[in-house]
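Reproduced below: data_15.cif, with mmCIF, C-alpha atoms.
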```
data_upload
loop_
_atom_site.label_atom_id
_atom_site.label_comp_id
_atom_site.auth_asym_id
_atom_site.auth_seq_id
_atom_site.Cartn_x
_atom_site.Cartn_y
_atom_site.Cartn_z
CA MET A 1 21.27 -7.72 76.39
CA PRO A 2 17.48 -7.50 76.59
CA GLN A 3 15.50 -9.14 73.84
CA THR A 4 14.55 -6.59 71.16
CA PHE A 5 11.70 -8.41 69.45
CA SER A 6 8.69 -10.34 70.69
CA ALA A 7 8.99 -14.12 70.77
CA ARG A 8 5.69 -14.11 68.87
CA THR A 9 7.59 -12.93 65.78
CA HIS A 10 10.45 -15.40 66.08
CA TRP A 11 9.66 -17.07 62.76
CA ASP A 12 12.04 -18.85 60.46
CA LEU A 13 12.34 -16.13 57.80
CA GLN A 14 14.78 -18.07 55.65
CA GLU A 15 13.63 -18.47 52.05
CA THR A 16 12.40 -21.96 51.18
CA ALA A 17 13.83 -23.82 48.22
CA TYR A 18 10.48 -23.44 46.47
CA ALA A 19 10.32 -19.68 47.05
CA ALA A 20 13.92 -19.31 45.86
CA ALA A 21 13.14 -21.24 42.67
CA VAL A 22 10.07 -19.10 41.96
CA ARG A 23 12.04 -15.89 42.54
CA ALA A 24 14.85 -17.08 40.26
CA ALA A 25 12.45 -18.05 37.47
CA ARG A 26 10.69 -14.70 37.60
CA ALA A 27 13.98 -12.81 37.70
CA GLN A 28 14.88 -14.50 34.42
CA SER A 29 11.51 -13.42 32.98
CA GLN A 30 10.61 -17.01 32.21
CA PRO A 31 7.04 -17.43 30.94
CA LEU A 32 5.36 -19.46 33.67
CA LEU A 33 2.09 -21.34 33.73
CA ASP A 34 0.84 -20.32 37.16
CA LEU A 35 -1.49 -23.00 38.54
CA THR A 36 -1.27 -21.41 41.99
CA ALA A 37 -3.09 -18.24 40.85
CA SER A 38 -5.95 -17.59 43.28
CA ASN A 39 -6.36 -13.81 43.10
CA PRO A 40 -9.64 -13.37 41.20
CA THR A 41 -8.83 -9.76 40.31
CA THR A 42 -5.95 -10.94 38.08
CA CYS A 43 -7.53 -14.07 36.56
CA GLY A 44 -9.43 -12.46 33.70
CA PHE A 45 -12.89 -12.11 35.21
CA SER A 46 -15.18 -9.25 34.19
CA TYR A 47 -16.07 -6.87 37.02
CA ASP A 48 -19.02 -4.52 36.78
CA TYR A 49 -17.32 -1.59 38.48
CA ALA A 50 -20.22 0.76 37.75
CA ALA A 51 -22.53 -1.45 39.82
CA TRP A 52 -20.77 -0.61 43.05
CA GLY A 53 -18.19 2.06 42.23
CA ALA A 54 -20.59 4.94 42.80
CA ALA A 55 -21.53 3.56 46.22
CA LEU A 56 -17.96 4.17 47.39
CA CYS A 57 -18.51 7.90 46.90
CA ALA A 58 -21.69 8.15 48.97
CA PRO A 59 -21.89 11.57 50.67
CA GLN A 60 -22.67 9.98 54.03
CA SER A 61 -19.20 8.41 53.93
CA TYR A 62 -17.78 11.80 54.87
CA ILE A 63 -19.64 11.81 58.18
CA TYR A 64 -17.90 10.10 61.07
CA ASP A 65 -20.56 8.14 62.93
CA PRO A 66 -18.81 5.01 64.22
CA ASP A 67 -20.52 1.88 65.47
CA PRO A 68 -18.18 -0.78 66.90
CA ARG A 69 -20.19 -3.56 65.26
CA GLY A 70 -20.41 -1.72 61.93
CA LEU A 71 -23.09 0.51 60.43
CA ARG A 72 -26.60 -0.86 60.82
CA SER A 73 -27.24 -0.68 57.05
CA ALA A 74 -24.12 -2.74 56.35
CA ARG A 75 -25.05 -5.37 58.93
CA GLU A 76 -28.56 -5.58 57.52
CA ALA A 77 -27.03 -6.25 54.08
CA VAL A 78 -25.04 -9.14 55.54
CA ALA A 79 -28.19 -10.51 57.22
CA ALA A 80 -29.99 -10.31 53.87
CA TYR A 81 -27.17 -12.27 52.21
CA TYR A 82 -27.77 -15.16 54.62
CA GLN A 83 -31.54 -14.96 54.26
CA GLN A 84 -31.33 -15.06 50.46
CA GLY A 85 -28.63 -17.71 50.22
CA THR A 86 -29.40 -20.15 53.03
CA GLY A 87 -32.73 -19.13 54.52
CA ALA A 88 -31.00 -18.33 57.81
CA VAL A 89 -32.60 -15.60 59.90
CA VAL A 90 -29.64 -13.62 61.25
CA ASP A 91 -30.06 -10.77 63.72
CA PRO A 92 -28.06 -7.74 62.46
CA ASP A 93 -27.18 -7.04 66.11
CA ALA A 94 -25.37 -10.39 66.19
CA ILE A 95 -23.07 -9.33 63.32
CA THR A 96 -19.67 -7.73 63.82
CA LEU A 97 -17.91 -6.26 60.78
CA THR A 98 -14.15 -6.67 60.42
CA THR A 99 -11.62 -5.77 57.74
CA SER A 100 -10.81 -9.42 56.97
CA THR A 101 -11.46 -12.91 58.20
CA SER A 102 -7.91 -12.75 59.58
CA GLU A 103 -8.97 -9.87 61.81
CA ALA A 104 -12.13 -11.78 62.70
CA TYR A 105 -10.03 -14.73 63.85
CA SER A 106 -7.84 -12.40 65.89
CA PHE A 107 -10.88 -10.84 67.58
CA LEU A 108 -12.20 -14.29 68.46
CA PHE A 109 -8.87 -15.62 69.71
CA ARG A 110 -8.67 -12.59 72.03
CA LEU A 111 -12.28 -13.04 73.08
CA LEU A 112 -11.93 -16.72 73.93
CA CYS A 113 -8.31 -17.34 74.90
CA ASP A 114 -5.66 -16.36 77.39
CA PRO A 115 -2.00 -16.73 76.38
CA GLY A 116 -1.16 -20.41 76.03
CA ASP A 117 -4.74 -21.57 75.55
CA GLU A 118 -5.48 -23.97 72.71
CA ILE A 119 -7.63 -23.97 69.58
CA LEU A 120 -8.35 -27.20 67.70
CA ILE A 121 -8.00 -26.96 63.91
CA ALA A 122 -8.32 -29.47 61.08
CA GLN A 123 -5.31 -30.76 59.17
CA PRO A 124 -4.87 -30.31 56.22
CA SER A 125 -5.89 -26.68 56.14
CA TYR A 126 -4.72 -23.21 55.16
CA PRO A 127 -1.28 -22.27 56.61
CA LEU A 128 -2.25 -18.70 57.57
CA PHE A 129 -3.73 -19.92 60.86
CA ASP A 130 -0.31 -20.66 62.30
CA PHE A 131 0.73 -17.01 62.06
CA LEU A 132 -2.57 -15.69 63.40
CA ALA A 133 -2.46 -17.95 66.42
CA THR A 134 1.17 -17.13 67.19
CA LEU A 135 0.50 -13.39 67.06
CA ASP A 136 -2.29 -13.81 69.61
CA SER A 137 -0.24 -16.19 71.82
CA VAL A 138 -2.61 -19.09 71.15
CA ARG A 139 -1.58 -22.70 70.48
CA LEU A 140 -3.08 -24.52 67.50
CA ILE A 141 -3.70 -28.23 68.09
CA PRO A 142 -4.42 -30.19 64.89
CA TYR A 143 -7.14 -32.77 64.52
CA PRO A 144 -6.94 -34.95 61.42
CA LEU A 145 -9.09 -35.19 58.34
CA PHE A 146 -8.88 -38.52 56.56
CA TYR A 147 -9.69 -39.43 52.97
CA ASP A 148 -11.89 -42.42 52.14
CA HIS A 149 -13.94 -41.80 48.97
CA GLY A 150 -14.17 -38.21 50.22
CA TRP A 151 -12.92 -36.29 53.25
CA HIS A 152 -14.08 -36.93 56.80
CA ILE A 153 -13.32 -35.61 60.29
CA ASP A 154 -11.60 -38.05 62.62
CA LEU A 155 -13.95 -37.41 65.54
CA ALA A 156 -12.17 -39.82 67.88
CA ALA A 157 -8.86 -38.04 67.33
CA LEU A 158 -10.56 -34.68 67.78
CA ARG A 159 -11.97 -35.73 71.15
CA ALA A 160 -8.56 -37.05 72.20
CA ALA A 161 -6.96 -33.69 71.38
CA ILE A 162 -9.12 -31.78 73.90
CA THR A 163 -7.26 -30.68 77.03
CA PRO A 164 -8.09 -28.37 79.96
CA ARG A 165 -6.55 -25.54 77.91
CA THR A 166 -8.81 -26.07 74.88
CA ARG A 167 -11.14 -23.13 74.30
CA ALA A 168 -12.55 -23.60 70.78
CA MET A 169 -12.40 -25.58 67.58
CA VAL A 170 -12.14 -24.19 64.05
CA VAL A 171 -14.04 -25.71 61.13
CA VAL A 172 -13.41 -24.46 57.60
CA GLN A 173 -16.30 -25.48 55.39
CA PRO A 174 -16.00 -25.98 52.60
CA ASN A 175 -12.44 -26.72 53.62
CA ASN A 176 -9.44 -25.15 51.91
CA PRO A 177 -7.76 -26.89 50.10
CA THR A 178 -9.70 -30.19 50.34
CA GLY A 179 -12.94 -28.61 49.10
CA HIS A 180 -15.25 -30.77 51.21
CA PHE A 181 -18.32 -29.81 53.21
CA THR A 182 -18.87 -30.74 56.84
CA GLN A 183 -21.59 -33.38 56.70
CA ALA A 184 -24.75 -33.08 58.78
CA GLN A 185 -23.81 -35.91 61.16
CA GLU A 186 -20.35 -34.39 61.63
CA ARG A 187 -21.88 -31.03 62.44
CA ARG A 188 -24.15 -32.58 65.06
CA ALA A 189 -21.17 -34.35 66.60
CA LEU A 190 -19.04 -31.18 66.66
CA GLU A 191 -21.84 -29.16 68.26
CA ALA A 192 -22.44 -31.87 70.86
CA ILE A 193 -18.74 -32.00 71.75
CA CYS A 194 -18.55 -28.21 72.06
CA ALA A 195 -21.69 -28.04 74.22
CA GLU A 196 -20.48 -30.88 76.42
CA GLN A 197 -16.95 -29.50 76.85
CA GLY A 198 -17.88 -25.81 77.05
CA LEU A 199 -16.02 -24.97 73.84
CA ALA A 200 -16.81 -22.39 71.18
CA LEU A 201 -17.16 -23.34 67.52
CA ILE A 202 -15.54 -21.06 64.92
CA VAL A 203 -16.74 -21.78 61.38
CA ASP A 204 -15.05 -20.23 58.35
CA GLU A 205 -17.48 -20.25 55.40
CA VAL A 206 -15.71 -18.04 52.85
CA PHE A 207 -16.13 -20.66 50.08
CA LEU A 208 -19.73 -21.53 50.95
CA ASP A 209 -21.15 -20.20 47.67
CA TYR A 210 -18.85 -22.28 45.46
CA ALA A 211 -20.30 -25.79 45.49
CA HIS A 212 -19.45 -27.53 42.24
CA ALA A 213 -22.22 -28.23 39.75
CA ALA A 214 -21.11 -31.87 39.58
CA HIS A 215 -22.62 -32.23 43.04
CA PRO A 216 -26.17 -30.78 42.79
CA GLU A 217 -27.22 -32.64 45.89
CA ILE A 218 -24.65 -30.59 47.80
CA ALA A 219 -25.39 -27.29 46.08
CA SER A 220 -29.07 -27.58 47.01
CA ARG A 221 -28.52 -28.16 50.73
CA GLU A 222 -28.29 -25.53 53.41
CA PHE A 223 -24.79 -26.17 54.70
CA SER A 224 -24.25 -22.87 56.46
CA PHE A 225 -23.68 -23.01 60.20
CA ALA A 226 -25.70 -19.78 60.31
CA THR A 227 -28.74 -22.06 60.19
CA GLY A 228 -29.83 -24.45 62.94
CA GLU A 229 -30.24 -24.52 66.71
CA HIS A 230 -26.67 -23.73 67.89
CA PRO A 231 -26.39 -25.59 71.20
CA ALA A 232 -22.85 -24.21 71.62
CA LEU A 233 -21.45 -20.71 71.22
CA THR A 234 -20.87 -20.46 67.44
CA PHE A 235 -19.13 -17.82 65.33
CA VAL A 236 -19.59 -17.93 61.54
CA LEU A 237 -17.03 -16.02 59.45
CA SER A 238 -17.14 -14.85 55.84
CA GLY A 239 -16.49 -11.79 53.68
CA LEU A 240 -16.28 -10.13 50.28
CA SER A 241 -12.90 -11.64 49.42
CA LYS A 242 -14.56 -14.82 48.12
CA ILE A 243 -18.29 -14.00 48.13
CA SER A 244 -17.92 -11.13 45.63
CA ALA A 245 -14.33 -11.88 44.52
CA LEU A 246 -13.16 -8.57 46.03
CA PRO A 247 -10.18 -9.39 48.28
CA GLN A 248 -8.83 -5.85 47.97
CA MET A 249 -11.92 -4.31 49.56
CA LYS A 250 -11.18 -5.79 52.98
CA VAL A 251 -14.69 -6.43 54.27
CA ALA A 252 -15.56 -9.43 56.42
CA TRP A 253 -17.75 -10.28 59.39
CA ILE A 254 -18.52 -12.50 62.34
CA VAL A 255 -22.06 -13.81 62.83
CA SER A 256 -22.55 -14.94 66.44
CA HIS A 257 -24.99 -17.61 67.63
CA GLY A 258 -25.52 -19.71 70.73
CA PRO A 259 -27.35 -20.10 74.02
CA GLN A 260 -28.83 -16.74 74.97
CA GLN A 261 -26.84 -15.95 78.11
CA LYS A 262 -23.48 -16.93 76.61
CA LEU A 263 -24.31 -15.14 73.36
CA HIS A 264 -25.24 -11.93 75.18
CA GLU A 265 -21.96 -11.89 77.08
CA ALA A 266 -19.92 -12.81 74.00
CA LEU A 267 -21.45 -9.97 71.97
CA ALA A 268 -20.84 -7.46 74.74
CA ARG A 269 -17.18 -8.43 75.02
CA LEU A 270 -16.76 -8.60 71.25
CA GLU A 271 -18.15 -5.09 70.94
CA VAL A 272 -15.45 -3.77 73.28
CA ILE A 273 -12.75 -5.50 71.22
CA ALA A 274 -14.15 -4.03 68.00
CA ASP A 275 -14.55 -0.59 69.61
CA THR A 276 -10.89 -0.64 70.63
CA PHE A 277 -9.79 -0.85 66.99
CA LEU A 278 -12.68 0.66 64.97
CA SER A 279 -10.93 -0.67 61.90
CA MET A 280 -13.77 -0.74 59.36
CA ASN A 281 -13.90 2.42 57.22
CA ALA A 282 -17.13 4.23 56.36
CA PRO A 283 -17.00 4.19 52.51
CA LEU A 284 -16.81 0.41 52.39
CA GLN A 285 -19.59 0.02 54.92
CA HIS A 286 -21.89 2.25 52.87
CA ALA A 287 -20.92 0.39 49.69
CA LEU A 288 -21.35 -3.07 51.20
CA PRO A 289 -24.96 -3.62 50.01
CA ALA A 290 -23.95 -2.87 46.41
CA MET A 291 -20.84 -5.03 46.64
CA LEU A 292 -22.84 -7.95 47.97
CA ASP A 293 -25.28 -7.51 45.09
CA ALA A 294 -22.31 -7.82 42.71
CA ARG A 295 -21.70 -11.37 43.94
CA HIS A 296 -24.17 -12.92 41.51
CA ASN A 297 -22.22 -11.80 38.43
CA MET A 298 -18.86 -12.81 39.88
CA GLN A 299 -19.98 -16.17 41.24
CA ARG A 300 -21.44 -17.18 37.87
CA GLN A 301 -18.10 -16.50 36.20
CA ILE A 302 -16.03 -18.24 38.84
CA ARG A 303 -18.26 -21.31 38.94
CA ALA A 304 -18.05 -21.58 35.15
CA ARG A 305 -14.25 -21.30 35.30
CA THR A 306 -13.78 -23.86 38.08
CA GLN A 307 -16.15 -26.33 36.39
CA ALA A 308 -14.35 -25.94 33.06
CA ASN A 309 -10.95 -26.41 34.67
CA LEU A 310 -12.09 -29.45 36.63
CA ALA A 311 -13.29 -30.97 33.36
CA ILE A 312 -9.96 -30.15 31.70
CA LEU A 313 -8.09 -31.71 34.61
CA ASP A 314 -10.16 -34.88 34.58
CA GLU A 315 -9.87 -35.23 30.80
CA GLN A 316 -6.09 -35.02 31.00
CA LEU A 317 -5.79 -37.39 33.96
CA ARG A 318 -7.87 -40.05 32.19
CA GLN A 319 -5.12 -40.26 29.58
CA GLN A 320 -2.35 -41.27 32.00
CA ASP A 321 -1.76 -43.59 34.94
CA PHE A 322 0.37 -41.66 37.43
CA VAL A 323 -1.64 -38.69 38.71
CA ALA A 324 -5.09 -38.77 40.34
CA ARG A 325 -7.42 -36.04 41.54
CA LEU A 326 -9.06 -36.33 44.93
CA HIS A 327 -12.80 -35.86 45.28
CA VAL A 328 -13.72 -32.19 45.63
CA GLU A 329 -17.13 -30.72 46.39
CA ALA A 330 -16.53 -26.98 46.45
CA GLY A 331 -13.99 -24.17 46.35
CA TRP A 332 -11.22 -22.99 44.07
CA TYR A 333 -8.63 -25.76 44.49
CA ALA A 334 -7.93 -29.38 43.59
CA ILE A 335 -5.55 -31.83 45.28
CA LEU A 336 -3.46 -34.14 43.12
CA ARG A 337 -2.02 -37.47 44.26
CA VAL A 338 1.29 -37.88 42.46
CA PRO A 339 4.12 -40.46 42.59
CA ALA A 340 6.10 -40.03 45.81
CA LEU A 341 9.48 -39.91 44.07
CA ALA A 342 10.66 -36.92 46.10
CA THR A 343 9.25 -34.48 48.62
CA ALA A 344 6.34 -32.43 47.36
CA GLU A 345 8.47 -29.29 47.53
CA GLU A 346 11.23 -30.92 45.47
CA THR A 347 8.62 -32.08 42.96
CA ALA A 348 7.14 -28.57 42.73
CA VAL A 349 10.63 -27.12 42.13
CA GLN A 350 11.29 -29.69 39.39
CA LEU A 351 7.97 -28.89 37.71
CA LEU A 352 8.89 -25.22 37.77
CA GLN A 353 12.41 -25.69 36.43
CA ARG A 354 11.66 -28.34 33.80
CA GLN A 355 8.08 -27.60 32.76
CA HIS A 356 7.75 -23.95 33.83
CA VAL A 357 4.58 -24.80 35.78
CA LEU A 358 3.82 -23.40 39.23
CA VAL A 359 1.97 -25.67 41.69
CA HIS A 360 1.80 -25.73 45.49
CA PRO A 361 3.41 -28.55 47.46
CA GLY A 362 0.76 -30.31 49.52
CA ASN A 363 2.83 -30.13 52.71
CA PHE A 364 2.33 -26.35 52.68
CA TYR A 365 -1.23 -27.20 53.77
CA GLY A 366 -0.24 -29.77 56.37
CA MET A 367 -0.38 -32.81 54.08
CA PRO A 368 2.35 -35.48 54.03
CA VAL A 369 5.69 -34.31 52.67
CA GLN A 370 5.57 -36.66 49.68
CA GLY A 371 3.00 -37.36 47.02
CA TRP A 372 0.63 -34.38 47.15
CA LEU A 373 0.29 -31.23 45.05
CA VAL A 374 -2.37 -28.50 45.11
CA VAL A 375 -3.53 -26.54 42.06
CA SER A 376 -5.87 -23.58 41.77
CA LEU A 377 -8.92 -23.83 39.52
CA LEU A 378 -9.02 -20.08 38.83
CA PRO A 379 -6.42 -19.63 36.03
CA ARG A 380 -7.63 -18.95 32.51
CA GLU A 381 -8.69 -22.17 30.83
CA GLU A 382 -6.04 -22.17 28.10
CA GLU A 383 -3.27 -21.64 30.65
CA PHE A 384 -4.73 -24.29 32.95
CA ARG A 385 -5.00 -26.84 30.11
CA LEU A 386 -1.39 -26.38 29.07
CA GLY A 387 -0.27 -26.51 32.69
CA VAL A 388 -1.94 -29.85 33.47
CA GLU A 389 -0.67 -31.29 30.18
CA ARG A 390 2.86 -30.46 31.26
CA ILE A 391 2.28 -31.97 34.70
CA ALA A 392 1.14 -35.21 33.06
CA GLN A 393 4.15 -35.16 30.71
CA PHE A 394 6.48 -34.64 33.67
CA PHE A 395 5.30 -37.79 35.44
CA ASP A 396 5.07 -39.81 32.20
CA GLN A 397 8.78 -39.21 31.78
CA LYS A 398 9.65 -40.52 35.26
#
```
Here is the file; what I need is its structure written in the form of structure tokens.
Amino acid sequence: MPQTFSARTHWDLQETAYAAAVRAARAQSQPLLDLTASNPTTCGFSYDYAAWGAALCAPQSYIYDPDPRGLRSAREAVAAYYQQGTGAVVDPDAITLTTSTSEAYSFLFRLLCDPGDEILIAQPSYPLFDFLATLDSVRLIPYPLFYDHGWHIDLAALRAAITPRTRAMVVVQPNNPTGHFTQAQERRALEAICAEQGLALIVDEVFLDYAHAAHPEIASREFSFATGEHPALTFVLSGLSKISALPQMKVAWIVSHGPQQKLHEALARLEVIADTFLSMNAPLQHALPAMLDARHNMQRQIRARTQANLAILDEQLRQQDFVARLHVEAGWYAILRVPALATAEETAVQLLQRQHVLVHPGNFYGMPVQGWLVVSLLPREEEFRLGVERIAQFFDQK
């Protein structure tokens, strides 16, 4: 019999023990303290809908006038975001709008890779990349991050991972879930490697605006890869999901940089890819300037929440000896080092069943299978406080 489905979709669809435990707890209507909550639209933030709601009803939205890269006015709004936030001068003609950073990755994988080609990606990192790469018939090759009073790229291991099939490397900065920035010397090394090896650099900056106030020296620097000289072909990704806390609006973009000849060819090919799908809808493009303006209100609230929850977490951890928080510079997450008494997934299931607290096992992000948990810093403060108290109680009882 011929195969019915593509090998690209041959995933293990069996429910994990963790997912089964979460489903069972919710089926019993148990009150849960959800320290995995990362959807800002359900975490109690105040949205000023009037500030951008009217822009969604702009009369020009009813006129079909497609541009593969996105409407000029929308791309100019994205360029202004970089100018205001980082001082980067971005050419609107070097911007390609997409409906999500996931779609942006897919466009770039198709632009850069043939089936079986390889993309280097840091580990630990967000698990979504595995699915995106598989769907585009690309192989992800991990390069390690290591922790030593902060997170660092293992540049020697990265170099060793390059093969004749390598086409690009992905940098998420600030990284998710480690919350660290790529340091200036690391950036120079990555750019030099890419230029030397003829590789493209894909930089995901969705959390760029969320440096923690505890690190003012970081918050004041211009960390965006949209700035600088760009000796290698470089694609910077971001979008409204994090910038304006509007994941449901499905607006993202690619900002392209690099040596002129390569950049010109990349933009021409990228335009054909975008033109093939024309996925970005007109109302959101017309509303994009207003939605980007809304970021200031949302970012103030989210920064206040993450700072408060980090303080709550640190206060609780000072009172016990078994759980430690790793250094974090930015983002919405914190990594906990916990006693390696069981796998992280088993530990997360036990926390759910005994303490009614939801956390993510660290191995979901490519961390070792024992001793690591990941918590979101977005939950309401009272829920977060009670949740971390129960985590501490759980390990005190071990």
- Nearest to Gly362 in chain A: which of A:Leu336, A:Ala195, A:Leu341, A:Leu386 is it, counting all atoms listed in the file?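 Among the listed residues, A:Leu336 lies closest to Gly362 in chain A.
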- Task: Name the residues that the PyMOL selection byres ((chain A and resi 246) around 10) picks from the file above, as a ChimeraX atom specification, using the file's chain letters and numbers.
- Result: /A:39-41,47,239-245,247-251,291-292,294-295,298
- Task: Tell me, as a VMD selection string, which residues lie within 9 Å of Ala340 in chain A, counting all atoms listed in the file; anything in the same chain fewer than 6 positions away does not count.
- Result: chain A and resid 347 369 to 372
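Distances here use only C-alpha atoms; by that measure, the residue among A:Gln285, A:Ser256, A:Ser46, A:Gln14 closest to Gln301 in chain A is A:Ser46.
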- Task: Would you mind listing what lies within 9 Å of range 136-138 of chain A as JSON, numbers by chain, with all atoms listed in the file counted and same-chain residues fewer than 2 positions away left out?
- Result: {"A": [8, 106, 109, 110, 113, 114, 115, 116, 117, 118, 119, 131, 132, 133, 134, 140]}
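Every polymer residue reaching to within 10 Å of (-11.5, -19.5, 38.2), counting only C-alpha atoms, appears in this list: Ala37, Ser38, Asn39, Pro40, Cys43, Gly44, Phe45, Gln299, Gln301, Ile302, Arg303, Ala304, Arg305, Thr306, Gln307, Ala308, Asn309, Gly331, Trp332, Tyr333, Ser376, Leu377, Leu378, Pro379, Arg380, Glu381 and Phe384 of chain A.
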Take the residues from that selection and write them out as a CSV table (one decimal), in the coordinates of the input, keeping C-alpha atoms.
```csv
chain,number,residue,atom,x,y,z
A,37,ALA,CA,-3.1,-18.2,40.8
A,38,SER,CA,-6.0,-17.6,43.3
A,39,ASN,CA,-6.4,-13.8,43.1
A,40,PRO,CA,-9.6,-13.4,41.2
A,43,CYS,CA,-7.5,-14.1,36.6
A,44,GLY,CA,-9.4,-12.5,33.7
A,45,PHE,CA,-12.9,-12.1,35.2
A,299,GLN,CA,-20.0,-16.2,41.2
A,301,GLN,CA,-18.1,-16.5,36.2
A,302,ILE,CA,-16.0,-18.2,38.8
A,303,ARG,CA,-18.3,-21.3,38.9
A,304,ALA,CA,-18.0,-21.6,35.2
A,305,ARG,CA,-14.2,-21.3,35.3
A,306,THR,CA,-13.8,-23.9,38.1
A,307,GLN,CA,-16.2,-26.3,36.4
A,308,ALA,CA,-14.4,-25.9,33.1
A,309,ASN,CA,-11.0,-26.4,34.7
A,331,GLY,CA,-14.0,-24.2,46.4
A,332,TRP,CA,-11.2,-23.0,44.1
A,333,TYR,CA,-8.6,-25.8,44.5
A,376,SER,CA,-5.9,-23.6,41.8
A,377,LEU,CA,-8.9,-23.8,39.5
A,378,LEU,CA,-9.0,-20.1,38.8
A,379,PRO,CA,-6.4,-19.6,36.0
A,380,ARG,CA,-7.6,-19.0,32.5
A,381,GLU,CA,-8.7,-22.2,30.8
A,384,PHE,CA,-4.7,-24.3,33.0
```
- Task: Take CA of Phe107 in chain A and CA of His152 in chain A and report the distance between them in Å, one decimal.
- Result: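 Pair CA of Phe107 in chain A / CA of His152 in chain A returns 28.4 Å.
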